[in-house]
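Containing compact mmCIF, C-alpha atoms: target24.txt.
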```
# COMPACT_ATOMS: atom_id res chain seq x y z
CA MET A 321 -105.29 48.34 54.59
CA SER A 322 -104.38 44.78 55.30
CA GLY A 323 -101.36 43.69 57.52
CA ILE A 324 -98.91 43.07 54.53
CA PHE A 325 -95.90 45.51 54.29
CA ARG A 326 -94.95 46.20 50.63
CA ILE A 327 -91.45 47.51 49.53
CA PRO A 328 -91.65 49.52 46.34
CA VAL A 329 -89.02 48.41 43.66
CA SER A 330 -88.26 50.79 40.86
CA ALA A 331 -87.61 49.68 37.30
CA CYS A 332 -84.10 51.30 37.34
CA ALA A 333 -83.00 49.10 40.25
CA VAL A 334 -84.06 45.93 38.44
CA ILE A 335 -82.15 46.93 35.29
CA GLY A 336 -78.99 47.69 37.34
CA ILE A 337 -79.01 44.30 39.00
CA LEU A 338 -79.38 42.53 35.64
CA PHE A 339 -76.49 44.57 34.11
CA LEU A 340 -74.15 43.70 36.98
CA PHE A 341 -74.96 39.98 36.74
CA THR A 342 -74.36 39.99 32.97
CA THR A 343 -70.96 41.73 33.34
CA LEU A 344 -69.72 39.25 35.93
CA TRP A 345 -70.83 36.31 33.71
CA ASN A 346 -68.93 37.67 30.67
CA LEU A 347 -65.75 38.24 32.68
CA GLN A 348 -65.79 34.66 33.93
CA SER A 349 -66.33 33.31 30.39
CA HIS A 350 -63.39 35.32 28.95
CA ASP A 351 -61.09 34.12 31.73
CA ASN A 352 -61.92 30.46 31.02
CA LEU A 353 -61.36 30.99 27.28
CA TYR A 354 -57.94 32.63 27.87
CA ARG A 355 -56.80 29.78 30.09
CA SER A 356 -57.88 27.22 27.46
CA GLN A 357 -55.94 29.02 24.67
CA LEU A 358 -52.83 29.29 26.87
CA ASP A 359 -52.90 25.54 27.58
CA ASP A 360 -53.18 24.82 23.85
CA GLN A 361 -50.16 27.05 23.07
CA GLU A 362 -48.02 25.34 25.72
CA THR A 363 -48.92 21.96 24.28
CA VAL A 364 -47.88 23.05 20.76
CA VAL A 365 -44.55 24.46 21.98
CA LEU A 366 -43.76 21.27 23.87
CA GLU A 367 -44.55 19.16 20.81
CA ASP A 368 -42.37 21.37 18.57
CA ASN A 369 -39.48 21.19 21.01
CA ALA A 370 -39.78 17.42 21.23
CA SER A 371 -39.72 17.18 17.44
CA THR A 372 -36.63 19.43 17.16
CA SER A 373 -34.89 17.47 19.87
CA GLU A 374 -35.28 14.23 17.92
CA ILE A 375 -33.75 15.76 14.75
CA ASP A 376 -30.72 17.23 16.54
CA VAL A 377 -29.61 14.03 18.30
CA PRO A 378 -26.15 13.21 16.78
CA GLU A 379 -25.28 9.70 15.72
CA LEU A 380 -22.25 8.08 17.33
CA ALA A 381 -19.31 7.79 14.92
CA GLU A 382 -17.90 4.31 14.36
CA HIS A 383 -14.48 3.88 16.00
CA ARG A 384 -11.70 3.36 13.45
CA LEU A 385 -8.57 1.60 14.69
CA SER A 386 -5.34 3.54 14.32
CA PHE A 387 -2.16 2.17 12.74
CA LEU A 388 -0.72 1.76 16.23
CA GLU A 389 -3.70 -0.31 17.36
CA ILE A 390 -3.74 -2.49 14.24
CA ALA A 391 0.02 -3.06 14.22
CA THR A 392 -0.01 -3.91 17.93
CA LYS A 393 -2.81 -6.41 17.36
CA HIS A 394 -0.89 -8.23 14.60
CA GLY A 395 2.46 -8.10 16.42
CA THR A 396 4.70 -6.27 13.92
CA ASP A 397 7.83 -4.55 15.22
CA LYS A 398 6.91 -1.37 13.32
CA VAL A 399 5.43 0.03 16.54
CA ASN A 400 7.41 -1.91 19.15
CA PRO A 401 10.35 -1.48 19.52
CA HIS A 402 10.22 0.93 16.54
CA HIS A 403 7.88 3.91 16.39
CA TYR A 404 7.04 4.18 12.70
CA ASN A 405 3.38 4.74 13.57
CA TYR A 406 4.02 8.48 13.90
CA MET A 407 5.11 8.72 10.28
CA TYR A 408 2.49 6.36 8.86
CA GLU A 409 -0.43 7.86 10.78
CA LYS A 410 0.64 11.34 9.71
CA TYR A 411 0.82 10.62 5.98
CA LEU A 412 -1.15 7.44 5.32
CA ASP A 413 -4.12 7.75 7.66
CA PRO A 414 -5.72 10.62 5.64
CA ILE A 415 -5.72 8.45 2.49
CA ARG A 416 -6.20 4.99 3.99
CA HIS A 417 -9.61 4.33 2.38
CA LYS A 418 -8.52 5.30 -1.14
CA PRO A 419 -7.52 2.69 -3.74
CA LEU A 420 -3.73 2.51 -3.37
CA LYS A 421 -0.99 0.54 -5.08
CA MET A 422 1.71 -0.34 -2.58
CA LEU A 423 5.02 -2.23 -2.51
CA GLU A 424 6.79 -3.38 0.64
CA ILE A 425 10.29 -4.80 0.45
CA GLY A 426 10.69 -7.55 3.06
CA LEU A 427 8.03 -10.03 4.12
CA GLY A 428 9.63 -10.58 7.53
CA CYS A 429 11.03 -14.05 6.85
CA ASN A 430 14.12 -13.32 8.92
CA MET A 431 12.13 -12.16 11.95
CA ALA A 432 11.96 -14.29 15.07
CA TYR A 433 8.16 -14.02 15.12
CA GLY A 434 7.87 -15.17 11.50
CA PRO A 435 6.67 -13.52 8.29
CA GLY A 436 3.40 -11.77 7.53
CA LYS A 437 2.92 -9.50 10.53
CA SER A 438 3.17 -6.31 8.52
CA TYR A 439 1.23 -7.93 5.65
CA TYR A 440 -1.85 -8.41 7.84
CA THR A 441 -1.34 -4.94 9.31
CA TRP A 442 -1.38 -3.26 5.90
CA LEU A 443 -4.39 -5.22 4.67
CA GLU A 444 -6.43 -4.04 7.64
CA PHE A 445 -5.10 -0.48 7.75
CA LEU A 446 -5.46 0.01 3.97
CA PRO A 447 -8.66 -1.90 3.05
CA ASN A 448 -8.48 -1.01 -0.67
CA VAL A 449 -4.77 -1.65 -1.19
CA ASP A 450 -3.28 -3.42 -4.21
CA MET A 451 -0.41 -5.11 -2.38
CA TYR A 452 3.01 -6.16 -3.73
CA TYR A 453 6.01 -7.68 -1.94
CA ILE A 454 9.68 -8.26 -2.73
CA GLU A 455 11.28 -11.00 -0.61
CA TYR A 456 14.72 -12.60 -0.87
CA ASP A 457 13.92 -15.92 0.87
CA ARG A 458 12.28 -18.14 -1.74
CA ALA A 459 11.66 -21.09 0.62
CA CYS A 460 9.87 -18.80 3.05
CA VAL A 461 7.69 -17.36 0.28
CA GLU A 462 6.71 -20.81 -0.98
CA LYS A 463 5.82 -21.91 2.56
CA TRP A 464 3.71 -18.89 3.47
CA SER A 465 2.19 -17.97 0.10
CA GLN A 466 -0.68 -20.43 0.62
CA ASP A 467 -1.81 -18.38 3.63
CA MET A 468 -1.56 -15.06 1.82
CA LYS A 469 -4.35 -13.60 -0.30
CA ASN A 470 -4.77 -10.39 -2.31
CA VAL A 471 -1.02 -9.97 -2.68
CA LYS A 472 1.64 -10.42 -5.38
CA VAL A 473 5.04 -11.61 -4.13
CA PHE A 474 8.25 -11.36 -6.21
CA THR A 475 11.30 -13.30 -5.06
CA GLY A 476 14.71 -11.73 -5.52
CA ASP A 477 17.48 -9.53 -4.12
CA GLN A 478 16.62 -5.84 -3.76
CA ALA A 479 20.24 -4.96 -4.50
CA ASP A 480 20.13 -6.81 -7.85
CA THR A 481 19.41 -4.22 -10.55
CA GLU A 482 18.45 -6.87 -13.13
CA PHE A 483 15.88 -8.35 -10.76
CA LEU A 484 14.49 -4.88 -10.04
CA GLU A 485 14.14 -4.22 -13.76
CA THR A 486 12.18 -7.46 -14.10
CA PHE A 487 9.97 -6.46 -11.19
CA ILE A 488 9.31 -3.01 -12.65
CA SER A 489 8.28 -4.53 -15.97
CA ALA A 490 6.06 -7.19 -14.42
CA SER A 491 4.38 -4.93 -11.85
CA GLY A 492 3.80 -2.04 -14.21
CA GLY A 493 5.15 0.51 -11.72
CA GLY A 494 2.93 3.41 -10.75
CA PHE A 495 3.07 2.86 -6.98
CA ASP A 496 1.43 5.27 -4.58
CA ILE A 497 3.54 3.95 -1.70
CA ILE A 498 6.82 2.02 -1.45
CA ILE A 499 8.25 0.88 1.89
CA ASP A 500 11.76 -0.54 2.25
CA ASP A 501 11.80 -2.91 5.23
CA GLY A 502 14.17 -5.34 3.55
CA GLY A 503 17.72 -6.38 4.40
CA HIS A 504 18.79 -2.95 5.76
CA PHE A 505 22.28 -3.17 4.19
CA MET A 506 23.62 0.02 2.60
CA ASN A 507 23.82 -1.35 -0.94
CA GLN A 508 20.28 -2.72 -0.65
CA GLN A 509 18.70 0.50 0.57
CA ILE A 510 20.57 2.76 -1.85
CA THR A 511 20.12 0.54 -4.93
CA SER A 512 16.41 0.08 -4.27
CA LEU A 513 15.82 3.82 -3.81
CA ASN A 514 17.68 4.70 -7.00
CA LYS A 515 15.85 2.10 -9.10
CA LEU A 516 12.36 2.23 -7.57
CA PHE A 517 11.80 5.90 -6.76
CA PRO A 518 11.24 6.66 -10.48
CA ILE A 519 8.21 4.30 -10.50
CA VAL A 520 6.51 6.10 -7.61
CA LYS A 521 3.50 8.10 -8.84
CA PRO A 522 3.73 11.90 -8.86
CA GLY A 523 2.82 12.97 -5.34
CA GLY A 524 3.55 9.50 -3.99
CA MET A 525 5.75 8.44 -1.09
CA TYR A 526 8.80 6.23 -0.53
CA PHE A 527 9.69 5.19 3.05
CA ILE A 528 12.93 3.60 4.27
CA GLU A 529 12.86 1.94 7.70
CA ASP A 530 15.66 0.80 10.05
CA LEU A 531 18.04 3.63 9.19
CA ALA A 532 20.01 2.97 12.37
CA THR A 533 22.01 0.48 10.27
CA SER A 534 23.77 3.48 8.66
CA TYR A 535 25.75 3.62 11.89
CA GLN A 536 26.42 -0.12 12.22
CA GLU A 537 29.52 -1.52 10.48
CA SER A 538 27.98 -4.99 10.24
CA TYR A 539 25.52 -3.50 7.72
CA GLY A 540 28.16 -1.47 5.87
CA GLY A 541 27.41 1.60 7.94
CA LYS A 542 30.90 3.04 8.19
CA LYS A 543 31.13 6.83 8.18
CA GLY A 544 32.43 8.17 4.88
CA SER A 545 31.77 4.92 3.01
CA GLY A 546 28.51 6.04 1.38
CA THR A 547 25.81 5.12 3.86
CA MET A 548 22.09 5.55 3.33
CA MET A 549 22.00 8.51 5.72
CA GLU A 550 24.90 10.11 3.83
CA MET A 551 22.79 9.81 0.69
CA VAL A 552 19.95 11.54 2.54
CA GLN A 553 22.35 14.41 3.30
CA GLU A 554 23.30 14.60 -0.39
CA LEU A 555 19.62 14.77 -1.34
CA LEU A 556 19.07 17.61 1.13
CA ASP A 557 22.05 19.43 -0.35
CA ASP A 558 20.67 19.04 -3.87
CA LEU A 559 17.25 20.19 -2.70
CA ASN A 560 18.58 23.42 -1.22
CA ARG A 561 21.70 24.49 -3.13
CA ASN A 562 20.03 25.39 -6.43
CA VAL A 563 16.55 26.63 -5.56
CA GLY A 564 14.75 28.13 -8.55
CA GLY A 565 17.60 27.30 -10.94
CA PRO A 566 17.96 24.67 -13.67
CA GLY A 567 18.20 21.01 -12.82
CA LEU A 568 21.43 19.89 -11.22
CA LYS A 569 23.52 17.93 -13.73
CA ASP A 570 25.71 16.56 -10.98
CA GLY A 571 22.88 15.96 -8.53
CA ASN A 572 21.45 12.62 -7.48
CA THR A 573 18.79 11.32 -9.89
CA VAL A 574 16.40 10.78 -6.98
CA GLY A 575 16.86 14.43 -6.01
CA GLN A 576 15.74 15.56 -9.46
CA GLU A 577 12.31 14.00 -8.86
CA MET A 578 12.06 14.59 -5.11
CA ARG A 579 9.86 17.37 -3.72
CA SER A 580 10.92 16.94 -0.09
CA VAL A 581 12.19 14.52 2.53
CA GLU A 582 11.15 14.07 6.16
CA CYS A 583 12.92 11.93 8.73
CA GLY A 584 11.84 10.57 12.07
CA GLU A 585 13.26 7.98 14.44
CA GLU A 586 15.01 5.39 12.18
CA ILE A 587 12.76 6.26 9.21
CA CYS A 588 12.78 8.74 6.32
CA ALA A 589 10.01 9.57 3.84
CA PHE A 590 10.79 10.80 0.31
CA PHE A 591 8.01 12.65 -1.51
CA LYS A 592 7.72 12.67 -5.30
CA LYS A 593 7.27 15.94 -7.18
CA GLY A 594 3.88 16.60 -8.74
CA LEU A 595 0.61 17.10 -6.95
CA GLY A 596 -1.14 13.72 -7.12
CA GLU A 597 -4.13 12.24 -5.31
CA THR A 598 -1.94 10.75 -2.60
CA GLU A 599 -0.01 13.89 -1.75
CA ILE A 600 -0.87 15.35 1.64
CA ARG A 601 0.01 18.98 2.32
CA LEU A 602 0.06 19.80 6.04
```

Represent the structure of the file as C-alpha cells.
Amino acid sequence: MSGIFRIPVSACAVIGILFLFTTLWNLQSHDNLYRSQLDDQETVVLEDNASTSEIDVPELAEHRLSFLEIATKHGTDKVNPHHYNYMYEKYLDPIRHKPLKMLEIGLGCNMAYGPGKSYYTWLEFLPNVDMYYIEYDRACVEKWSQDMKNVKVFTGDQADTEFLETFISASGGGFDIIIDDGGHFMNQQITSLNKLFPIVKPGGMYFIEDLATSYQESYGGKKGSGTMMEMVQELLDDLNRNVGGPGLKDGNTVGQEMRSVECGEEICAFFKKGLGETEIRL
C-alpha cells in the first residue's frame, strides 16, 4: 500500500448532506418572499388611508354676519341702545336668503345720525329683499333718494288712512314682513297696524318697535287712553277667550287674522294666520 490514508464515504451520507442543504435554501427563500409580500401590503394600506384622508377633510364654512354685526357696522339704533336683534335674528335669520317683500315705516329722517342706517342694514341682511318705505318727511326723502337704490319710498303720514289706502293700492300688498319704526305716537302705531296687517301674507310677520312710548305722555301714552300696549292686551284677550269657538264679533279685526303675538324689550311681533313660506315654527 502507498502512504495515502483514504476515508470511506457512503452514498447515504452524501444524500443526507444534499437534503439538508436543499431544506435550508427553501426556508430562506420562503422567508424573503413573505417579507416582500408584507411590505407590499403595508404600502397599499398606507396609500388607501391617504386617499380616504383626503376625501374626509371638511371644507371651512363661509362666515355669515349676524344682524347684530351688520346693524352695528351701519350704525342703526336697532341694536344700540335698543336690542331688537334678538327678535330679528330669531325670526328673520332662518329666511334671510329667500325672496322677501318688506315694508319699513320710517326712514330715520328725524334721527340725529341721519336717515338710511336701517335701509343699508336690511339690504345687507336680506340680500333678496324687495324693499318699500313709508316716510313722512318729504324734503328728507327728496334729498336722500338719489343715494338709495333697489327701494320704493312713499311719502305720507302713517296715521292717515287715505294715504295708507293709496299705498296699499300702489304697492299691491302681499308683504312678508312689515316693520313699524315710524313716529311712535299711539294713533300712528294703532292706525298702521289696523290698516296694514291685512296686507301681510299668510304666515307673515308685523313688528312694532319703540313700544316704550306707550308709557310716555308726550307720545299719547297715558294709561287708560288706548295705548298701543293696551291694544296688545286686547289682542291677547281675543286670542285666548274664545279658543276653538266661532270668530269674535266684538273682537279686534287684527285679532281675527292673528295666529300669535310675541313681545320682547320695546318690540312686539304679530304673526299672521296661515302656514306660509315665511312662517317659522320653533

Which residues are near range 464-478 of chain A? Cut-off 9 Å, all atoms listed in the file, ignore same chain within fewer than 5 positions. Put them as a list in words.
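Using all atoms listed in the file, the neighbours found are Ile425, Leu427, Pro435, Gly436, Tyr439, Tyr440, Leu443, Val449, Asp450, Met451, Tyr452, Tyr453, Ile454, Glu455, Tyr456, Asp457, Arg458, Ala459, Phe483, Leu484, Phe487, Ser491, Gly502, Gly503, Asn507, Gln508, Gln509, Thr511 and Ser512 of chain A.
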
Neighbour list for range 400-405 of chain A as an NGL selection string, cut-off 9 Å, only C-alpha atoms, skip fewer than 6 positions in-chain:
:A and (386-388 or 391-392 or 529-530 or 584-587)

d(CA of Glu485 in chain A, CA of Ile519 in chain A) in Å
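The value is 10.9 Å.
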
Counting only C-alpha atoms, which residue out of A:Glu582, A:Glu537, A:Asp557, A:Asp500 sits closest to Leu423 in chain A?
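The closest residue to Leu423 in chain A is A:Asp500.
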
So which residues fall inside 8 Å of (-3.5, -6.3, 13.5) if we count only C-alpha atoms? Mind giving them as JSON, numbers by chain?
{"A": [389, 390, 391, 392, 393, 394, 395, 437, 440, 441, 444]}

If we count all atoms listed in the file, what is near Glu554 in chain A at a cut-off of 9 Å, once residues fewer than 4 positions away on the same chain are taken out, given as a PDB file with C-alpha atoms, keeping the file's coordinate frame?
```pdb
ATOM      1  CA  MET A 549      22.000   8.510   5.720  1.00  0.00           C
ATOM      2  CA  GLU A 550      24.900  10.110   3.830  1.00  0.00           C
ATOM      3  CA  ASP A 558      20.670  19.040  -3.870  1.00  0.00           C
ATOM      4  CA  LEU A 559      17.250  20.190  -2.700  1.00  0.00           C
ATOM      5  CA  GLY A 571      22.880  15.960  -8.530  1.00  0.00           C
ATOM      6  CA  ASN A 572      21.450  12.620  -7.480  1.00  0.00           C
ATOM      7  CA  GLY A 575      16.860  14.430  -6.010  1.00  0.00           C
TER       8      GLY A 575
END
```

Have a look at CA of Tyr526 in chain A and CA of Glu462 in chain A and let me know their distance in Å, one decimal.
27.1 Å

In Å, rounded to a single decimal, give me how far CA of Ser438 in chain A is from CA of Asp501 in chain A.
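Computing it gives 9.8 Å between the two atoms.
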
Report as a list in words all protein, DNA and RNA residues lying within 9 Å of Ile510 in chain A, evaluated on all atoms listed in the file, omitting residues in the same chain fewer than 2 positions from it.
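These residues fall inside the cut-off: Ala479, Phe505, Met506, Asn507, Gln508, Ser512, Leu513, Asn514, Lys515, Thr547, Met548 and Met551 of chain A.
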
Long-range neighbours of Phe495 in chain A as a list of chain:residue names, 12 Å cut-off, all atoms listed in the file, 5 positions minimum in chain:
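After dropping sequence-adjacent residues, the list is A:Pro419, A:Leu420, A:Lys421, A:Met422, A:Leu423, A:Glu424, A:Val449, A:Asp450, A:Met451, A:Tyr452, A:Ile488, A:Leu516, A:Phe517, A:Pro518, A:Ile519, A:Val520, A:Lys521, A:Pro522, A:Gly523, A:Gly524, A:Met525, A:Tyr526, A:Lys592, A:Gly596, A:Glu597, A:Thr598.
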
How big is the axis-aligned box, and where does its centre sit, when it encloses all atoms of range 527-536 of chain A listed in the file and has 8 Å added on every side, reported in Å to one decimal as JSON?
```
{"center_x": 18.1, "center_y": 2.5, "center_z": 7.7, "size_x": 32.7, "size_y": 21.3, "size_z": 25.3}
```
